[in-house]
Amino acid sequence: MDHKLFLWFTEMQTDDMAISCRVKQRLHEEKTPFQHLAVIDTEQFGRMLVLDNVIQTTVKDEFVYHEMITHVPLNTHAAPKKVLVVGGGDGGVVREIVKHRSVEKVVHCEIDGAVIEASRKYLPEISCALDHPKVEILIDDGIKHVRENKNTYDIVIVDSTDPVGPAEGLFSDAFYRDIFESLRDDGIFVAQTESPFFNRALIPRLYKDISGIFPVTRVYLGCVPTYPGGLWTFTMGSKKYDPLEVEVTGIPQLDTKYYSAGVHRSCFVLPPFVKELLEQPGGKQGR
Ligand code: AG3
């Protein structure tokens, strides 16, 4: 008999749709003061970080999200020196930021220290730059941190969970206003802004909020297989630089697997059903 026991992890991506991955091994599970945290090893995607039953990242597909949320804003800015990461406890964004030679300091503000600890232990290929000399880790509330640090950062990256539970405040107009204030005169902000298939009320609301604050607002896409629908949006608010005006031939060759100078251009080309989302009046509450 060569039967094998099949154990599956399932995330309900919407009320009516799920993703399931066959589990090799459950590596870690705990209840933190903020959320339920698990690291599992899956057959398809390797080790996976799961918060409140929602897939955050996996060792096989993490590069798409981490490269796109990082290199698009950093290569839009002329010479980013000081970068803030809100959330992103796995360290993937920090790992990408330190590839940029102009960067002098990365402040990593994560509310839940347990995410950092679990990632250090079980996801070393993602968390490997957390001890980089340019990186300062603050276990603190990102909302409070931006409010208390005005005119400080060149780039602010918000690597949040879905807009429910601990991350809800990270999708608010008030937070975006505080981010604007925390940026220097030519600063850039970017956030992950969910799926254009399944978050059709959220995206126009965020777009409206951000374009009410920043002179330049751009939405771009990446494809993350483990996120609902695969196709994923990021929204950028910029005080001065327009990512579409970047001279892409000047973009340095970084060690990346998804992002490239060409992708810096192509990711802003939005299919009509996504464009349409940004043209609608928006303002509706919801996900
Ligand atoms: N941040 C989570 C993105 C949202 C994923 N949503 C979902 N799977 N339903 C990613 C953190 C990676 N550093």
# chains A, B, ... in the order shown; residues from 1 in each chain; ligands from 1
>>> residues_near_ligand(ligand="ligand 1", cutoff="10 Å", atoms="only C-alpha atoms and all ligand atoms", output="PyMOL selection string")
chain A and resi 11-14+18-19+49-51+53-58+62-63+65-66+69+87-94+126-127+158-163+167+191-195+198+224-230+232
>>> select_by_dssp(residues="range 138-167 of chain A", states="strand (DSSP E or B)", output="list in words")
Leu138, Ile139, Tyr153, Asp154, Ile155, Val156, Ile157, Val158 and Asp159 of chain A
>>> write_last_selection(atoms="C-alpha atoms", output="PDB file, in the first residue's frame")
ATOM      1  CA  LEU A 138      10.664  49.040  15.819  1.00  0.00           C
ATOM      2  CA  ILE A 139       7.953  46.887  17.336  1.00  0.00           C
ATOM      3  CA  TYR A 153      11.173  59.729   4.872  1.00  0.00           C
ATOM      4  CA  ASP A 154      11.901  59.541   1.154  1.00  0.00           C
ATOM      5  CA  ILE A 155       9.784  56.408   0.765  1.00  0.00           C
ATOM      6  CA  VAL A 156       7.038  54.863   2.902  1.00  0.00           C
ATOM      7  CA  ILE A 157       5.985  51.297   2.025  1.00  0.00           C
ATOM      8  CA  VAL A 158       2.863  49.872   3.644  1.00  0.00           C
ATOM      9  CA  ASP A 159       3.071  46.062   3.531  1.00  0.00           C
TER      10      ASP A 159
END
>>> atom_distance(atom1="CA of Lys105 in chain A", atom2="CA of Lys257 in chain A")
24.3 Å
>>> select_by_dssp(residues="range 132-188 of chain A", states="helix (DSSP H, G or I)", output="PDB file with N, CA, C and O atoms, in the first residue's frame")
ATOM      1  N   GLY A 142       2.446  51.398  13.345  1.00  0.00           N
ATOM      2  CA  GLY A 142       2.853  52.231  12.207  1.00  0.00           C
ATOM      3  C   GLY A 142       2.058  53.521  12.117  1.00  0.00           C
ATOM      4  O   GLY A 142       2.573  54.564  11.680  1.00  0.00           O
ATOM      5  N   ILE A 143       0.811  53.473  12.535  1.00  0.00           N
ATOM      6  CA  ILE A 143      -0.046  54.670  12.481  1.00  0.00           C
ATOM      7  C   ILE A 143       0.529  55.745  13.414  1.00  0.00           C
ATOM      8  O   ILE A 143       0.660  56.912  13.047  1.00  0.00           O
ATOM      9  N   LYS A 144       0.915  55.289  14.596  1.00  0.00           N
ATOM     10  CA  LYS A 144       1.494  56.210  15.580  1.00  0.00           C
ATOM     11  C   LYS A 144       2.865  56.700  15.075  1.00  0.00           C
ATOM     12  O   LYS A 144       3.172  57.898  15.158  1.00  0.00           O
ATOM     13  N   HIS A 145       3.644  55.797  14.516  1.00  0.00           N
ATOM     14  CA  HIS A 145       4.986  56.172  14.063  1.00  0.00           C
ATOM     15  C   HIS A 145       4.944  57.262  12.988  1.00  0.00           C
ATOM     16  O   HIS A 145       5.685  58.235  13.063  1.00  0.00           O
ATOM     17  N   VAL A 146       4.079  57.118  11.994  1.00  0.00           N
ATOM     18  CA  VAL A 146       4.054  58.156  10.949  1.00  0.00           C
ATOM     19  C   VAL A 146       3.530  59.472  11.515  1.00  0.00           C
ATOM     20  O   VAL A 146       3.984  60.549  11.133  1.00  0.00           O
ATOM     21  N   ARG A 147       2.591  59.379  12.441  1.00  0.00           N
ATOM     22  CA  ARG A 147       2.058  60.609  13.040  1.00  0.00           C
ATOM     23  C   ARG A 147       3.156  61.374  13.780  1.00  0.00           C
ATOM     24  O   ARG A 147       3.173  62.602  13.792  1.00  0.00           O
ATOM     25  N   GLU A 148       4.069  60.625  14.379  1.00  0.00           N
ATOM     26  CA  GLU A 148       5.100  61.265  15.209  1.00  0.00           C
ATOM     27  C   GLU A 148       6.377  61.630  14.448  1.00  0.00           C
ATOM     28  O   GLU A 148       7.314  62.174  15.031  1.00  0.00           O
ATOM     29  N   GLY A 165      -9.339  43.381  10.707  1.00  0.00           N
ATOM     30  CA  GLY A 165      -8.526  43.139  11.895  1.00  0.00           C
ATOM     31  C   GLY A 165      -7.462  44.191  12.076  1.00  0.00           C
ATOM     32  O   GLY A 165      -7.704  45.375  11.802  1.00  0.00           O
ATOM     33  N   PRO A 166      -6.219  43.782  12.487  1.00  0.00           N
ATOM     34  CA  PRO A 166      -5.202  44.758  12.875  1.00  0.00           C
ATOM     35  C   PRO A 166      -4.857  45.778  11.781  1.00  0.00           C
ATOM     36  O   PRO A 166      -4.386  46.869  12.080  1.00  0.00           O
ATOM     37  N   ALA A 167      -5.086  45.434  10.504  1.00  0.00           N
ATOM     38  CA  ALA A 167      -4.629  46.324   9.417  1.00  0.00           C
ATOM     39  C   ALA A 167      -5.670  47.349   8.973  1.00  0.00           C
ATOM     40  O   ALA A 167      -5.371  48.199   8.127  1.00  0.00           O
ATOM     41  N   GLU A 168      -6.849  47.296   9.537  1.00  0.00           N
ATOM     42  CA  GLU A 168      -7.916  48.157   9.035  1.00  0.00           C
ATOM     43  C   GLU A 168      -7.530  49.627   8.945  1.00  0.00           C
ATOM     44  O   GLU A 168      -7.771  50.292   7.940  1.00  0.00           O
ATOM     45  N   GLY A 169      -6.865  50.120  10.007  1.00  0.00           N
ATOM     46  CA  GLY A 169      -6.470  51.527  10.058  1.00  0.00           C
ATOM     47  C   GLY A 169      -5.441  51.900   9.005  1.00  0.00           C
ATOM     48  O   GLY A 169      -5.211  53.083   8.730  1.00  0.00           O
ATOM     49  N   LEU A 170      -4.792  50.882   8.409  1.00  0.00           N
ATOM     50  CA  LEU A 170      -3.765  51.149   7.392  1.00  0.00           C
ATOM     51  C   LEU A 170      -4.391  51.409   6.022  1.00  0.00           C
ATOM     52  O   LEU A 170      -3.695  51.637   5.051  1.00  0.00           O
ATOM     53  N   PHE A 171      -5.715  51.348   5.957  1.00  0.00           N
ATOM     54  CA  PHE A 171      -6.407  51.632   4.705  1.00  0.00           C
ATOM     55  C   PHE A 171      -7.294  52.873   4.861  1.00  0.00           C
ATOM     56  O   PHE A 171      -8.358  52.948   4.274  1.00  0.00           O
ATOM     57  N   ASP A 173      -8.026  57.165   5.100  1.00  0.00           N
ATOM     58  CA  ASP A 173      -7.658  58.483   4.613  1.00  0.00           C
ATOM     59  C   ASP A 173      -6.766  59.220   5.624  1.00  0.00           C
ATOM     60  O   ASP A 173      -5.769  59.851   5.255  1.00  0.00           O
ATOM     61  N   ALA A 174      -7.107  59.096   6.910  1.00  0.00           N
ATOM     62  CA  ALA A 174      -6.334  59.797   7.955  1.00  0.00           C
ATOM     63  C   ALA A 174      -4.894  59.304   7.973  1.00  0.00           C
ATOM     64  O   ALA A 174      -3.947  60.097   8.106  1.00  0.00           O
ATOM     65  N   PHE A 175      -4.715  58.000   7.793  1.00  0.00           N
ATOM     66  CA  PHE A 175      -3.365  57.420   7.769  1.00  0.00           C
ATOM     67  C   PHE A 175      -2.589  57.941   6.560  1.00  0.00           C
ATOM     68  O   PHE A 175      -1.416  58.299   6.663  1.00  0.00           O
ATOM     69  N   TYR A 176      -3.244  58.006   5.408  1.00  0.00           N
ATOM     70  CA  TYR A 176      -2.560  58.495   4.198  1.00  0.00           C
ATOM     71  C   TYR A 176      -2.142  59.962   4.364  1.00  0.00           C
ATOM     72  O   TYR A 176      -1.094  60.375   3.890  1.00  0.00           O
ATOM     73  N   ARG A 177      -2.964  60.729   5.048  1.00  0.00           N
ATOM     74  CA  ARG A 177      -2.600  62.136   5.304  1.00  0.00           C
ATOM     75  C   ARG A 177      -1.361  62.212   6.194  1.00  0.00           C
ATOM     76  O   ARG A 177      -0.455  63.017   5.967  1.00  0.00           O
ATOM     77  N   ASP A 178      -1.323  61.350   7.209  1.00  0.00           N
ATOM     78  CA  ASP A 178      -0.149  61.336   8.091  1.00  0.00           C
ATOM     79  C   ASP A 178       1.093  60.870   7.331  1.00  0.00           C
ATOM     80  O   ASP A 178       2.198  61.360   7.586  1.00  0.00           O
ATOM     81  N   ILE A 179       0.909  59.931   6.408  1.00  0.00           N
ATOM     82  CA  ILE A 179       2.055  59.480   5.601  1.00  0.00           C
ATOM     83  C   ILE A 179       2.571  60.644   4.753  1.00  0.00           C
ATOM     84  O   ILE A 179       3.782  60.875   4.656  1.00  0.00           O
ATOM     85  N   PHE A 180       1.652  61.381   4.153  1.00  0.00           N
ATOM     86  CA  PHE A 180       2.049  62.545   3.337  1.00  0.00           C
ATOM     87  C   PHE A 180       2.946  63.464   4.164  1.00  0.00           C
ATOM     88  O   PHE A 180       4.006  63.910   3.714  1.00  0.00           O
ATOM     89  N   GLU A 181       2.520  63.721   5.402  1.00  0.00           N
ATOM     90  CA  GLU A 181       3.297  64.606   6.296  1.00  0.00           C
ATOM     91  C   GLU A 181       4.632  63.991   6.700  1.00  0.00           C
ATOM     92  O   GLU A 181       5.602  64.701   6.968  1.00  0.00           O
ATOM     93  N   SER A 182       4.687  62.670   6.775  1.00  0.00           N
ATOM     94  CA  SER A 182       5.930  62.015   7.214  1.00  0.00           C
ATOM     95  C   SER A 182       6.973  61.964   6.091  1.00  0.00           C
ATOM     96  O   SER A 182       8.127  61.641   6.321  1.00  0.00           O
TER      97      SER A 182
END
>>> residues_around(residues="Thr152 in chain A", least_positions_apart="5", cutoff="8 Å", atoms="only C-alpha atoms", output="list in words")
Lys82, Ser182, Leu183 and Arg184 of chain A
>>> residues_around(residues="Leu278 in chain A", least_positions_apart="2", cutoff="8 Å", atoms="only C-alpha atoms", output="list in words")
Ile203, Pro204, Tyr207, Lys208, Val274, Lys275, Glu276, Gln280, Pro281 and Gly282 of chain A
>>> atom_distance(atom1="CA of Arg95 in chain A", atom2="CA of Pro252 in chain A")
16.8 Å
>>> closest_residue(among="A:Lys24, A:Lys81, A:Arg218, A:Lys239", to="Leu270 in chain A", atoms="only C-alpha atoms")
A:Arg218
>>> atom_distance(atom1="CA of Ser102 in chain A", atom2="CA of Ala79 in chain A")
5.8 Å
>>> closest_residue(among="A:Glu117, A:Asp61, A:Asp52, A:Asp131", to="Val164 in chain A", atoms="only C-alpha atoms")
A:Asp52
